[in-house]
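Below is structure_32.cif, holding mmCIF, C-alpha atoms.
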data_final
loop_
_atom_site.label_atom_id
_atom_site.label_comp_id
_atom_site.auth_asym_id
_atom_site.auth_seq_id
_atom_site.Cartn_x
_atom_site.Cartn_y
_atom_site.Cartn_z
CA MET A 206 72.94 -39.46 -148.10
CA LEU A 207 71.60 -42.92 -148.78
CA THR A 208 73.85 -43.14 -151.82
CA MET A 209 76.80 -42.29 -149.60
CA PHE A 210 75.84 -44.99 -147.15
CA ALA A 211 75.39 -47.54 -149.91
CA ASP A 212 78.74 -46.55 -151.43
CA TRP A 213 80.48 -46.82 -148.10
CA PHE A 214 78.85 -50.12 -147.19
CA THR A 215 79.58 -51.83 -150.49
CA TYR A 216 82.95 -50.44 -151.47
CA THR A 217 84.59 -49.64 -148.14
CA PHE A 218 82.99 -51.88 -145.53
CA LEU A 219 82.66 -55.02 -147.66
CA ARG A 220 85.71 -54.04 -149.73
CA LEU A 221 84.12 -55.19 -152.94
CA PRO A 222 85.65 -54.10 -156.22
CA LYS A 223 83.64 -51.62 -158.27
CA GLY A 224 82.07 -52.78 -161.49
CA ARG A 225 81.68 -56.44 -160.60
CA LEU A 226 78.14 -57.72 -160.99
CA ILE A 227 77.85 -59.00 -157.42
CA THR A 228 79.03 -55.62 -156.14
CA GLU A 229 76.45 -53.73 -158.13
CA ALA A 230 73.72 -56.13 -157.00
CA ILE A 231 74.64 -55.57 -153.34
CA HIS A 232 74.93 -51.82 -153.81
CA PHE A 233 71.47 -51.74 -155.37
CA PHE A 234 70.04 -53.81 -152.52
CA VAL A 235 71.60 -51.69 -149.77
CA TYR A 236 70.49 -48.48 -151.43
CA ASP A 237 66.98 -49.43 -152.47
CA ILE A 238 65.67 -51.10 -149.34
CA PRO A 239 66.27 -48.20 -146.93
CA LYS A 240 65.01 -45.78 -149.56
CA ILE A 241 61.72 -47.61 -150.06
CA TYR A 242 61.26 -48.19 -146.32
CA LEU A 243 61.77 -44.51 -145.66
CA LEU A 244 59.27 -43.52 -148.35
CA LEU A 245 56.84 -46.11 -147.05
CA VAL A 246 56.88 -44.71 -143.52
CA VAL A 247 56.64 -41.05 -144.59
CA ILE A 248 53.99 -41.37 -147.29
CA VAL A 249 51.79 -43.88 -145.48
CA PHE A 250 51.89 -41.67 -142.39
CA VAL A 251 50.91 -38.54 -144.33
CA VAL A 252 48.06 -40.35 -146.09
CA ALA A 253 46.88 -41.90 -142.82
CA MET A 254 46.83 -38.45 -141.19
CA LEU A 255 44.80 -36.95 -144.04
CA ARG A 256 42.54 -39.95 -143.83
CA THR A 257 41.55 -39.22 -140.24
CA TRP A 258 39.87 -36.07 -141.54
CA THR A 259 37.95 -37.81 -144.32
CA PRO A 260 36.00 -40.77 -142.99
CA ALA A 261 33.44 -42.41 -145.29
CA GLU A 262 30.59 -40.48 -143.69
CA LYS A 263 32.17 -37.17 -144.52
CA ALA A 264 32.93 -38.29 -148.08
CA LYS A 265 29.29 -39.18 -148.45
CA ARG A 266 28.07 -35.84 -147.11
CA LEU A 267 30.33 -34.07 -149.58
CA LEU A 268 29.03 -36.07 -152.53
CA VAL A 269 25.29 -36.16 -151.99
CA HIS A 270 23.40 -34.45 -154.81
CA ARG A 271 26.53 -33.33 -156.61
CA HIS A 272 26.23 -32.78 -160.30
CA GLN A 273 27.99 -34.80 -162.91
CA PHE A 274 31.62 -34.04 -163.41
CA VAL A 275 32.21 -31.85 -160.35
CA GLY A 276 30.94 -34.80 -158.35
CA ASN A 277 33.09 -37.23 -160.31
CA VAL A 278 36.25 -35.19 -159.79
CA LEU A 279 35.53 -34.81 -156.09
CA ALA A 280 34.62 -38.48 -155.68
CA ALA A 281 37.80 -39.65 -157.41
CA SER A 282 39.94 -37.38 -155.22
CA LEU A 283 38.19 -38.53 -152.05
CA GLY A 284 38.68 -42.10 -153.23
CA ILE A 285 42.43 -41.72 -152.72
CA LEU A 286 42.06 -40.71 -149.10
CA THR A 287 39.10 -42.62 -147.82
CA PRO A 288 40.01 -45.84 -146.10
CA PHE A 289 38.95 -48.75 -148.19
CA CYS A 290 39.26 -52.44 -148.08
CA THR A 291 37.26 -54.81 -150.20
CA CYS A 292 35.22 -55.76 -147.17
CA SER A 293 34.06 -52.15 -146.78
CA ALA A 294 33.04 -51.81 -150.43
CA ILE A 295 29.46 -52.97 -149.99
CA PRO A 296 28.39 -50.85 -146.99
CA MET A 297 30.03 -47.88 -148.63
CA PHE A 298 28.33 -48.49 -151.96
CA ILE A 299 24.93 -48.91 -150.34
CA GLY A 300 25.46 -45.89 -148.11
CA PHE A 301 26.32 -43.74 -151.12
CA VAL A 302 23.56 -44.92 -153.44
CA GLU A 303 20.89 -44.91 -150.76
CA SER A 304 21.62 -41.38 -149.66
CA GLY A 305 21.38 -39.99 -153.18
CA VAL A 306 24.95 -39.87 -154.44
CA PRO A 307 24.54 -40.28 -158.24
CA LEU A 308 25.58 -43.70 -159.56
CA GLY A 309 28.31 -42.32 -161.84
CA VAL A 310 29.81 -40.33 -158.96
CA THR A 311 29.71 -43.44 -156.75
CA PHE A 312 31.61 -45.32 -159.42
CA SER A 313 34.31 -42.66 -159.69
CA PHE A 314 34.83 -43.27 -155.99
CA LEU A 315 34.75 -47.06 -156.34
CA VAL A 316 37.34 -46.98 -159.10
CA ALA A 317 39.74 -44.51 -157.48
CA SER A 318 39.60 -46.03 -154.04
CA PRO A 319 41.39 -49.33 -154.65
CA MET A 320 43.33 -48.28 -157.72
CA ILE A 321 45.15 -45.28 -156.33
CA ASN A 322 46.79 -46.76 -153.35
CA GLU A 323 49.50 -45.16 -151.25
CA VAL A 324 51.54 -48.36 -151.05
CA ALA A 325 51.58 -48.66 -154.83
CA MET A 326 52.57 -45.03 -154.98
CA VAL A 327 55.51 -45.57 -152.61
CA LEU A 328 56.74 -48.47 -154.67
CA LEU A 329 56.56 -46.57 -157.91
CA TRP A 330 58.34 -43.65 -156.27
CA GLY A 331 61.06 -45.87 -154.89
CA LEU A 332 61.58 -47.82 -158.09
CA PHE A 333 60.90 -45.36 -160.87
CA GLY A 334 61.08 -41.93 -159.26
CA ALA A 335 58.63 -39.23 -158.19
CA LYS A 336 57.56 -38.39 -161.73
CA VAL A 337 56.20 -41.85 -162.42
CA ALA A 338 54.51 -42.00 -159.01
CA LEU A 339 52.68 -38.73 -159.66
CA LEU A 340 51.85 -39.84 -163.17
CA TYR A 341 50.29 -42.97 -161.71
CA VAL A 342 48.11 -40.91 -159.39
CA GLY A 343 47.14 -38.46 -162.14
CA VAL A 344 46.27 -41.15 -164.62
CA GLY A 345 44.38 -43.13 -161.99
CA LEU A 346 42.29 -40.05 -161.20
CA LEU A 347 41.59 -39.53 -164.88
CA ILE A 348 40.41 -43.12 -165.35
CA ALA A 349 38.21 -42.87 -162.25
CA ILE A 350 36.64 -39.59 -163.39
CA VAL A 351 36.04 -40.64 -166.99
CA SER A 352 34.72 -44.11 -166.06
CA GLY A 353 32.31 -42.52 -163.59
CA VAL A 354 31.09 -39.97 -166.13
CA ILE A 355 30.51 -42.71 -168.73
CA ILE A 356 28.67 -44.98 -166.29
CA GLY A 357 26.60 -41.98 -165.20
CA GLN A 358 25.69 -41.24 -168.82
CA LEU A 359 24.56 -44.81 -169.39
CA HIS A 360 21.80 -44.45 -166.76
CA MET A 361 22.19 -47.90 -165.36
CA GLU A 362 20.44 -47.33 -162.05
CA LYS A 363 18.09 -50.25 -162.74
CA TYR A 364 21.06 -52.60 -162.87
CA VAL A 365 21.81 -52.10 -159.22
CA GLU A 366 20.35 -55.01 -157.24
CA ASP A 367 16.84 -54.05 -156.15
CA TYR A 368 17.34 -54.73 -152.47
CA VAL A 369 19.95 -51.96 -152.31
CA TYR A 370 17.22 -49.36 -152.77
CA LYS A 371 15.05 -50.99 -150.13
CA ILE A 372 17.61 -51.04 -147.36
CA LYS A 373 16.84 -48.65 -144.58
CA VAL A 374 20.00 -46.88 -143.63
CA GLY A 375 20.01 -45.74 -140.06
CA ALA A 376 21.09 -42.30 -138.97
CA VAL A 377 24.67 -42.09 -140.05
CA ALA A 378 26.94 -43.09 -137.26
CA GLY A 379 30.39 -41.64 -137.04
CA ASP A 380 33.34 -41.89 -134.78
CA ALA A 381 33.79 -39.61 -131.81
CA PRO A 382 35.74 -36.49 -132.83
CA MET A 383 39.47 -37.09 -132.60
CA THR A 384 42.07 -34.89 -130.99
CA PHE A 385 45.27 -34.16 -132.86
CA ASN A 386 47.13 -36.58 -130.62
CA ASN A 387 44.60 -39.31 -131.37
CA ARG A 388 45.16 -38.74 -135.06
CA VAL A 389 48.92 -39.03 -134.75
CA VAL A 390 48.69 -42.17 -132.62
CA ALA A 391 46.15 -43.81 -134.92
CA SER A 392 48.14 -42.91 -138.04
CA TRP A 393 51.36 -44.15 -136.51
CA ARG A 394 49.75 -47.43 -135.60
CA TYR A 395 48.46 -47.73 -139.16
CA VAL A 396 52.00 -47.18 -140.46
CA GLY A 397 53.15 -50.06 -138.24
CA GLU A 398 50.33 -52.28 -139.51
CA ILE A 399 51.16 -51.58 -143.17
CA PHE A 400 54.90 -51.71 -142.63
CA ARG A 401 54.78 -55.15 -141.03
CA LYS A 402 52.68 -56.39 -143.92
CA VAL A 403 54.62 -54.80 -146.76
CA ALA A 404 58.24 -54.74 -145.59
CA PRO A 405 59.00 -58.44 -146.17
CA TRP A 406 57.59 -58.23 -149.68
CA VAL A 407 59.68 -55.19 -150.45
CA ALA A 408 62.79 -57.05 -149.34
CA VAL A 409 61.88 -60.07 -151.49
CA GLY A 410 61.00 -57.85 -154.42
CA VAL A 411 64.15 -55.78 -154.18
CA ALA A 412 66.24 -58.91 -153.76
CA ILE A 413 64.80 -60.31 -156.96
CA GLY A 414 65.25 -56.91 -158.56
CA ALA A 415 68.85 -56.66 -157.35
CA PHE A 416 69.61 -60.10 -158.67
CA ILE A 417 68.10 -59.39 -162.05
CA HIS A 418 69.59 -55.91 -162.06
CA GLY A 419 73.06 -57.29 -161.57
CA TYR A 420 72.79 -60.47 -163.58
CA ALA A 421 70.00 -59.97 -166.11
CA PRO A 422 71.21 -62.34 -168.77
CA GLU A 423 68.55 -61.82 -171.39
CA ASN A 424 65.31 -60.00 -171.64
CA PHE A 425 63.02 -62.94 -171.47
CA LEU A 426 59.87 -61.00 -170.69
CA ALA A 427 60.82 -58.05 -172.79
CA ARG A 428 60.88 -60.42 -175.72
CA TYR A 429 57.26 -61.40 -175.17
CA ALA A 430 55.78 -58.24 -173.72
CA GLY A 431 58.30 -55.72 -174.97
CA ARG A 432 58.00 -52.62 -177.03
CA ASP A 433 57.70 -54.49 -180.29
CA ASN A 434 54.70 -56.52 -179.31
CA PRO A 435 51.51 -54.56 -180.07
CA PHE A 436 49.53 -56.80 -177.74
CA ALA A 437 51.83 -56.32 -174.76
CA VAL A 438 49.54 -53.95 -172.86
CA LEU A 439 46.50 -56.07 -173.60
CA LEU A 440 48.36 -59.09 -172.29
CA ALA A 441 49.52 -57.28 -169.16
CA VAL A 442 45.97 -56.12 -168.38
CA ALA A 443 44.44 -59.52 -169.11
CA ILE A 444 46.90 -61.12 -166.70
CA GLY A 445 46.52 -58.35 -164.13
CA ILE A 446 42.72 -58.24 -163.80
CA PRO A 447 42.10 -61.61 -162.12
CA LEU A 448 45.08 -61.21 -159.80
CA TYR A 449 44.44 -60.17 -156.24
CA SER A 450 44.47 -56.48 -155.54
CA ASN A 451 47.01 -56.27 -152.73
CA ALA A 452 49.76 -53.86 -153.70
CA GLU A 453 52.30 -55.71 -151.56
CA GLY A 454 51.85 -58.97 -153.40
CA VAL A 455 52.52 -57.34 -156.73
CA ILE A 456 55.85 -55.81 -155.68
CA PRO A 457 58.15 -58.66 -156.65
CA ILE A 458 56.41 -59.01 -159.99
CA VAL A 459 56.57 -55.31 -160.79
CA GLN A 460 60.22 -55.28 -159.72
CA ALA A 461 60.99 -58.14 -162.04
CA LEU A 462 59.07 -56.57 -164.93
CA TRP A 463 60.91 -53.33 -164.49
CA ALA A 464 64.30 -55.02 -164.25
CA LYS A 465 63.43 -56.83 -167.47
CA ASP A 466 63.13 -53.54 -169.26
CA LEU A 467 59.38 -53.64 -169.75
CA PRO A 468 58.09 -50.33 -171.15
CA LEU A 469 56.60 -47.98 -168.55
CA GLY A 470 53.09 -47.95 -170.03
CA THR A 471 52.87 -51.72 -169.92
CA THR A 472 54.15 -51.82 -166.33
CA LEU A 473 51.69 -49.12 -165.21
CA ALA A 474 48.82 -50.87 -166.97
CA PHE A 475 49.68 -54.12 -165.26
CA MET A 476 49.91 -52.46 -161.86
CA MET A 477 46.57 -50.69 -162.33
CA ALA A 478 44.85 -53.81 -163.56
CA VAL A 479 46.05 -55.68 -160.48
CA THR A 480 45.07 -53.00 -157.96
CA GLY A 481 42.02 -51.50 -159.70
CA LEU A 482 40.19 -54.63 -160.76
CA SER A 483 40.38 -57.91 -158.96
CA MET A 484 38.50 -61.16 -158.66
CA PRO A 485 37.59 -60.86 -154.93
CA GLU A 486 36.37 -57.32 -155.48
CA MET A 487 34.17 -58.37 -158.39
CA ILE A 488 32.67 -61.23 -156.43
CA ILE A 489 31.80 -58.84 -153.63
CA LEU A 490 30.45 -56.19 -155.99
CA ARG A 491 28.28 -58.81 -157.69
CA SER A 492 26.13 -58.83 -154.56
CA VAL A 493 25.04 -55.23 -155.21
CA LEU A 494 25.40 -54.98 -159.00
CA LYS A 495 23.51 -56.93 -161.62
CA PRO A 496 25.78 -58.69 -164.13
CA ARG A 497 25.26 -56.07 -166.80
CA LEU A 498 26.42 -53.17 -164.64
CA LEU A 499 29.30 -55.22 -163.25
CA ALA A 500 30.40 -56.07 -166.80
CA THR A 501 30.12 -52.41 -167.80
CA PHE A 502 32.23 -51.43 -164.81
CA ILE A 503 34.95 -53.95 -165.68
CA GLY A 504 34.78 -53.02 -169.36
CA VAL A 505 35.03 -49.26 -168.85
CA VAL A 506 37.84 -49.43 -166.29
CA GLY A 507 39.71 -52.11 -168.25
CA LEU A 508 39.49 -50.02 -171.40
CA GLY A 509 40.72 -46.96 -169.54
CA ILE A 510 43.75 -48.87 -168.28
CA LEU A 511 44.47 -50.16 -171.78
CA ILE A 512 44.36 -46.68 -173.25
CA VAL A 513 46.69 -45.38 -170.55
CA GLY A 514 49.13 -48.24 -171.15
CA TYR A 515 49.28 -47.63 -174.88
CA PHE A 516 49.41 -43.88 -174.43
CA PHE A 517 52.44 -44.01 -172.15
CA ASN A 518 54.25 -46.51 -174.34
CA TRP A 519 53.63 -44.23 -177.27
CA VAL A 520 54.60 -40.95 -175.59
CA LEU A 521 57.66 -42.12 -173.66
CA MET B 241 25.93 -56.33 -122.02
CA ARG B 242 25.72 -57.16 -125.68
CA ILE B 243 28.63 -56.32 -127.97
CA GLU B 244 28.26 -56.53 -131.73
CA ILE B 245 31.08 -56.56 -134.26
CA LEU B 246 29.79 -55.30 -137.59
CA GLY B 247 31.56 -56.53 -140.70
CA SER B 248 31.65 -59.20 -143.34
CA SER B 249 33.95 -61.40 -141.24
CA CYS B 250 37.08 -60.00 -142.86
CA ALA B 251 40.53 -60.13 -141.29
CA ARG B 252 40.17 -56.66 -139.79
CA CYS B 253 36.86 -57.58 -138.18
CA ARG B 254 38.38 -60.68 -136.60
CA ALA B 255 41.27 -58.59 -135.28
CA LEU B 256 38.79 -56.21 -133.67
CA GLU B 257 36.83 -59.08 -132.17
CA ALA B 258 39.99 -60.61 -130.70
CA ASN B 259 40.94 -57.28 -129.08
CA VAL B 260 37.44 -56.78 -127.70
CA ARG B 261 37.58 -60.21 -126.11
CA LYS B 262 40.99 -59.38 -124.64
CA ALA B 263 39.57 -56.18 -123.20
CA LEU B 264 36.68 -58.08 -121.64
CA THR B 265 39.09 -60.51 -120.01
CA MET B 266 41.20 -57.63 -118.67
CA LEU B 267 38.09 -56.04 -117.21
CA GLY B 268 36.90 -59.36 -115.88
CA LYS B 269 33.60 -58.69 -117.57
CA ASP B 270 31.27 -61.15 -119.15
CA ALA B 271 29.46 -60.06 -122.26
CA GLU B 272 27.82 -61.55 -125.27
CA VAL B 273 29.99 -60.89 -128.35
CA VAL B 274 28.16 -61.28 -131.64
CA ASP B 275 29.34 -61.10 -135.23
CA VAL B 276 26.93 -59.17 -137.42
CA THR B 277 27.55 -59.97 -141.07
CA ASP B 278 24.13 -59.26 -142.54
CA ILE B 279 24.40 -56.16 -144.68
CA GLN B 280 20.84 -55.02 -143.90
CA GLU B 281 21.58 -55.07 -140.19
CA ILE B 282 24.91 -53.29 -140.68
CA MET B 283 23.29 -50.57 -142.75
CA ALA B 284 20.50 -50.20 -140.22
CA TYR B 285 23.16 -48.88 -137.86
CA GLY B 286 24.18 -46.31 -140.49
CA VAL B 287 27.68 -47.72 -140.60
CA MET B 288 29.59 -47.28 -143.86
CA ALA B 289 33.02 -48.54 -142.93
CA THR B 290 33.69 -51.89 -141.34
CA PRO B 291 34.67 -53.08 -138.85
CA ALA B 292 32.40 -51.21 -136.49
CA LEU B 293 31.68 -51.77 -132.83
CA VAL B 294 28.21 -51.64 -131.32
CA ILE B 295 27.63 -51.85 -127.58
CA ASP B 296 24.09 -52.34 -126.34
CA GLY B 297 22.66 -51.12 -129.60
CA LYS B 298 24.82 -48.00 -129.81
CA VAL B 299 27.56 -47.49 -132.41
CA VAL B 300 30.73 -46.60 -130.52
CA MET B 301 33.37 -46.96 -133.23
CA VAL B 302 33.50 -47.11 -137.01
CA GLY B 303 36.14 -48.29 -139.46
CA ARG B 304 39.14 -48.99 -137.25
CA ILE B 305 40.72 -51.76 -135.28
CA LEU B 306 40.76 -50.79 -131.62
CA SER B 307 43.68 -51.90 -129.49
CA PRO B 308 42.71 -53.91 -126.41
CA GLU B 309 43.29 -50.73 -124.32
CA GLU B 310 40.99 -48.65 -126.53
CA ALA B 311 38.40 -51.40 -126.53
CA LYS B 312 38.54 -51.36 -122.73
CA LYS B 313 37.85 -47.63 -122.70
CA ALA B 314 35.00 -48.05 -125.17
CA ILE B 315 33.41 -50.77 -123.03
CA VAL B 316 33.78 -48.79 -119.82
CA GLY B 317 32.62 -45.64 -121.64
CA ALA B 318 29.47 -47.41 -122.77
CA GLY B 319 28.70 -47.51 -119.04
CA ALA B 320 27.48 -51.04 -118.73
#
Structure encoded using structure tokens:
Amino acid sequence: MLTMFADWFTYTFLRLPKGRLITEAIHFFVYDIPKIYLLLVVIVFVVAMLRTWTPAEKAKRLLVHRHQFVGNVLAASLGILTPFCTCSAIPMFIGFVESGVPLGVTFSFLVASPMINEVAMVLLWGLFGAKVALLYVGVGLLIAIVSGVIIGQLHMEKYVEDYVYKIKVGAVAGDAPMTFNNRVVASWRYVGEIFRKVAPWVAVGVAIGAFIHGYAPENFLARYAGRDNPFAVLLAVAIGIPLYSNAEGVIPIVQALWAKDLPLGTTLAFMMAVTGLSMPEMIILRSVLKPRLLATFIGVVGLGILIVGYFFNWVL
Amino acid sequence: MRIEILGSSCARCRALEANVRKALTMLGKDAEVVDVTDIQEIMAYGVMATPALVIDGKVVMVGRILSPEEAKKAIVGAGA
């Protein structure tokens, strides 16, 4: 239906001739923006609804005293749903560790939470299709689970800042139970909040994408980070890690990379490095983790992203 | 009445504080609004998601931004 609208708008309403570059650029723009906006509203709403049933307190209750592996899988899955912003990372981390959630399980949660993000998922869906979006979620889960298991095996409990263990956590406070209507209203408001934040970036990103899509003169980036360069993924991850984690800020860049024919593995690796590891997050985590554990965390997750990048470039 | 906003002074916490102040103005109430950023104090309330709202020592909301209307209800509900 959206294709029909885009066809009508470009060819009939604007009376542009088929096949011209400007026509294709406009067609792409008119088709992609409504598509991504629609996905954004639907997916963010669904995730927000699910989220109202899994507040941090419930996630914690589910994870306390879980064994390795089962706990890691569960923690990574909960990480997708549980609301998370970098400013909540510390109370959540302390709450988990203090109440007896194993360190490795806590890390599976910490990795999955920012990395698998519904906005990133929407963008991948809109730009590359459902398969890539699901792949992103699956691979993100895998990295979160494996990183958590490894960190758990390393027994690094003593590299958590000592004060964390001394903090007295009060009786866990939760929100008043919500009615179904409350959930819908809260989720809808969240959609509005996200939409207002993300929508302009999507338009900018798609505009850049449309321009490059229609005009792409040469594959500038593809020459440096393309299929032939064995260091492409490494480069993408190295650039992605220090960048800020907001999915919306990365949209124009990912759009441009994709339009420049960057291989999928490299693009995914870049996206994960940006969302999964970021400078502000590390600075905040430093207040609860000693340098050695923080370095291990960055190393394990970074390595996981690298492997995924190379794997997808190799398979696809 | 003493209202505490728990959080590491992030954007969401400031949004909550602004709405709480709006609610107080609407109610014509005067209350002390305090930012609590110390992690030990936040954890002492058992709060794991910020921002959180504490009225007279009792946690009334965790992890969301209340609209001014909701904040009004929470303040009235706290019965002070």
- [ ] Would you write out, as a count of residues only, every residue that the PyMOL selection byres ((chain B) within 10 of (chain A)) captures in this file?
- [x] 31
Open item on the list: To test your reading of the syntax: which residues would the PyMOL selection byres ((chain A and resi 512-520) around 10) return for the file shown? Reply as a ChimeraX atom specification.
Closed with: /A:340-341,344-345,347-348,432,435-439,441-442,467-475,477,506-511,521
Using C-alpha atoms, can you write the selected residues to a file as a PDB file, keeping the file's coordinate frame?
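As written to disk, out25.pdb reads:
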ATOM      1  CA  LEU A 340      51.850 -39.840-163.170  1.00  0.00           C
ATOM      2  CA  TYR A 341      50.290 -42.970-161.710  1.00  0.00           C
ATOM      3  CA  VAL A 344      46.270 -41.150-164.620  1.00  0.00           C
ATOM      4  CA  GLY A 345      44.380 -43.130-161.990  1.00  0.00           C
ATOM      5  CA  LEU A 347      41.590 -39.530-164.880  1.00  0.00           C
ATOM      6  CA  ILE A 348      40.410 -43.120-165.350  1.00  0.00           C
ATOM      7  CA  ARG A 432      58.000 -52.620-177.030  1.00  0.00           C
ATOM      8  CA  PRO A 435      51.510 -54.560-180.070  1.00  0.00           C
ATOM      9  CA  PHE A 436      49.530 -56.800-177.740  1.00  0.00           C
ATOM     10  CA  ALA A 437      51.830 -56.320-174.760  1.00  0.00           C
ATOM     11  CA  VAL A 438      49.540 -53.950-172.860  1.00  0.00           C
ATOM     12  CA  LEU A 439      46.500 -56.070-173.600  1.00  0.00           C
ATOM     13  CA  ALA A 441      49.520 -57.280-169.160  1.00  0.00           C
ATOM     14  CA  VAL A 442      45.970 -56.120-168.380  1.00  0.00           C
ATOM     15  CA  LEU A 467      59.380 -53.640-169.750  1.00  0.00           C
ATOM     16  CA  PRO A 468      58.090 -50.330-171.150  1.00  0.00           C
ATOM     17  CA  LEU A 469      56.600 -47.980-168.550  1.00  0.00           C
ATOM     18  CA  GLY A 470      53.090 -47.950-170.030  1.00  0.00           C
ATOM     19  CA  THR A 471      52.870 -51.720-169.920  1.00  0.00           C
ATOM     20  CA  THR A 472      54.150 -51.820-166.330  1.00  0.00           C
ATOM     21  CA  LEU A 473      51.690 -49.120-165.210  1.00  0.00           C
ATOM     22  CA  ALA A 474      48.820 -50.870-166.970  1.00  0.00           C
ATOM     23  CA  PHE A 475      49.680 -54.120-165.260  1.00  0.00           C
ATOM     24  CA  MET A 477      46.570 -50.690-162.330  1.00  0.00           C
ATOM     25  CA  VAL A 506      37.840 -49.430-166.290  1.00  0.00           C
ATOM     26  CA  GLY A 507      39.710 -52.110-168.250  1.00  0.00           C
ATOM     27  CA  LEU A 508      39.490 -50.020-171.400  1.00  0.00           C
ATOM     28  CA  GLY A 509      40.720 -46.960-169.540  1.00  0.00           C
ATOM     29  CA  ILE A 510      43.750 -48.870-168.280  1.00  0.00           C
ATOM     30  CA  LEU A 511      44.470 -50.160-171.780  1.00  0.00           C
ATOM     31  CA  LEU A 521      57.660 -42.120-173.660  1.00  0.00           C
TER      32      LEU A 521
END
TODO: Around the point (32.4, -39.4, -166.4), in the coordinates given by the file, pick out the residues reaching within 8 Å, counting all atoms listed in the file, and return them as an MDAnalysis selection string.
DONE: chainID A and resid 273:274 277 309:310 313 349:358
Give me a file of those residues, with C-alpha atoms, as a compact mmCIF listing (two decimals), in the coordinates of the input.
# COMPACT_ATOMS: atom_id res chain seq x y z
CA GLN A 273 27.99 -34.80 -162.91
CA PHE A 274 31.62 -34.04 -163.41
CA ASN A 277 33.09 -37.23 -160.31
CA GLY A 309 28.31 -42.32 -161.84
CA VAL A 310 29.81 -40.33 -158.96
CA SER A 313 34.31 -42.66 -159.69
CA ALA A 349 38.21 -42.87 -162.25
CA ILE A 350 36.64 -39.59 -163.39
CA VAL A 351 36.04 -40.64 -166.99
CA SER A 352 34.72 -44.11 -166.06
CA GLY A 353 32.31 -42.52 -163.59
CA VAL A 354 31.09 -39.97 -166.13
CA ILE A 355 30.51 -42.71 -168.73
CA ILE A 356 28.67 -44.98 -166.29
CA GLY A 357 26.60 -41.98 -165.20
CA GLN A 358 25.69 -41.24 -168.82
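Those residues that approach region 234-244 of chain A to within 7 Å, counting only C-alpha atoms, are Leu207, Thr208, Ala211, Ala230, Ile231, His232, Val246, Val247, Ile248, Val327, Leu328, Gly331, Ala408, Val411, Ala412 and Ala415 of chain A; same-chain residues fewer than 2 positions away are not listed.
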Task: Interatomic distance, CA of Trp213 (chain A) to CA of Trp406 (chain A) (Å, one decimal) - done: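 That distance, rounded to one decimal, is 25.6 Å.
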Please rebuild region 308-319 of chain B with N, CA and C atoms and return the result as a PDB file, keeping the file's coordinate frame.
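Just written: result-v6.pdb:
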ATOM      1  N   PRO B 308      43.422 -53.432-127.597  1.00  0.00           N
ATOM      2  CA  PRO B 308      42.710 -53.910-126.410  1.00  0.00           C
ATOM      3  C   PRO B 308      42.451 -52.771-125.399  1.00  0.00           C
ATOM      4  N   GLU B 309      43.448 -51.858-125.254  1.00  0.00           N
ATOM      5  CA  GLU B 309      43.290 -50.730-124.320  1.00  0.00           C
ATOM      6  C   GLU B 309      42.117 -49.834-124.725  1.00  0.00           C
ATOM      7  N   GLU B 310      42.079 -49.510-126.028  1.00  0.00           N
ATOM      8  CA  GLU B 310      40.990 -48.650-126.530  1.00  0.00           C
ATOM      9  C   GLU B 310      39.637 -49.339-126.378  1.00  0.00           C
ATOM     10  N   ALA B 311      39.641 -50.651-126.655  1.00  0.00           N
ATOM     11  CA  ALA B 311      38.400 -51.400-126.530  1.00  0.00           C
ATOM     12  C   ALA B 311      37.909 -51.363-125.085  1.00  0.00           C
ATOM     13  N   LYS B 312      38.876 -51.426-124.148  1.00  0.00           N
ATOM     14  CA  LYS B 312      38.540 -51.360-122.730  1.00  0.00           C
ATOM     15  C   LYS B 312      37.824 -50.038-122.425  1.00  0.00           C
ATOM     16  N   LYS B 313      38.442 -48.955-122.911  1.00  0.00           N
ATOM     17  CA  LYS B 313      37.850 -47.630-122.700  1.00  0.00           C
ATOM     18  C   LYS B 313      36.447 -47.554-123.282  1.00  0.00           C
ATOM     19  N   ALA B 314      36.312 -48.101-124.506  1.00  0.00           N
ATOM     20  CA  ALA B 314      35.000 -48.050-125.170  1.00  0.00           C
ATOM     21  C   ALA B 314      33.957 -48.816-124.358  1.00  0.00           C
ATOM     22  N   ILE B 315      34.359 -49.953-123.803  1.00  0.00           N
ATOM     23  CA  ILE B 315      33.410 -50.770-123.030  1.00  0.00           C
ATOM     24  C   ILE B 315      33.031 -50.055-121.734  1.00  0.00           C
ATOM     25  N   VAL B 316      34.048 -49.514-121.057  1.00  0.00           N
ATOM     26  CA  VAL B 316      33.780 -48.790-119.820  1.00  0.00           C
ATOM     27  C   VAL B 316      32.945 -47.535-120.132  1.00  0.00           C
ATOM     28  N   GLY B 317      33.324 -46.849-121.233  1.00  0.00           N
ATOM     29  CA  GLY B 317      32.620 -45.640-121.640  1.00  0.00           C
ATOM     30  C   GLY B 317      31.144 -45.889-121.942  1.00  0.00           C
ATOM     31  N   ALA B 318      30.862 -47.086-122.450  1.00  0.00           N
ATOM     32  CA  ALA B 318      29.470 -47.410-122.770  1.00  0.00           C
ATOM     33  C   ALA B 318      28.655 -47.560-121.484  1.00  0.00           C
ATOM     34  N   GLY B 319      29.356 -47.583-120.349  1.00  0.00           N
ATOM     35  CA  GLY B 319      28.700 -47.510-119.040  1.00  0.00           C
ATOM     36  C   GLY B 319      27.857 -48.706-118.688  1.00  0.00           C
TER      37      GLY B 319
END
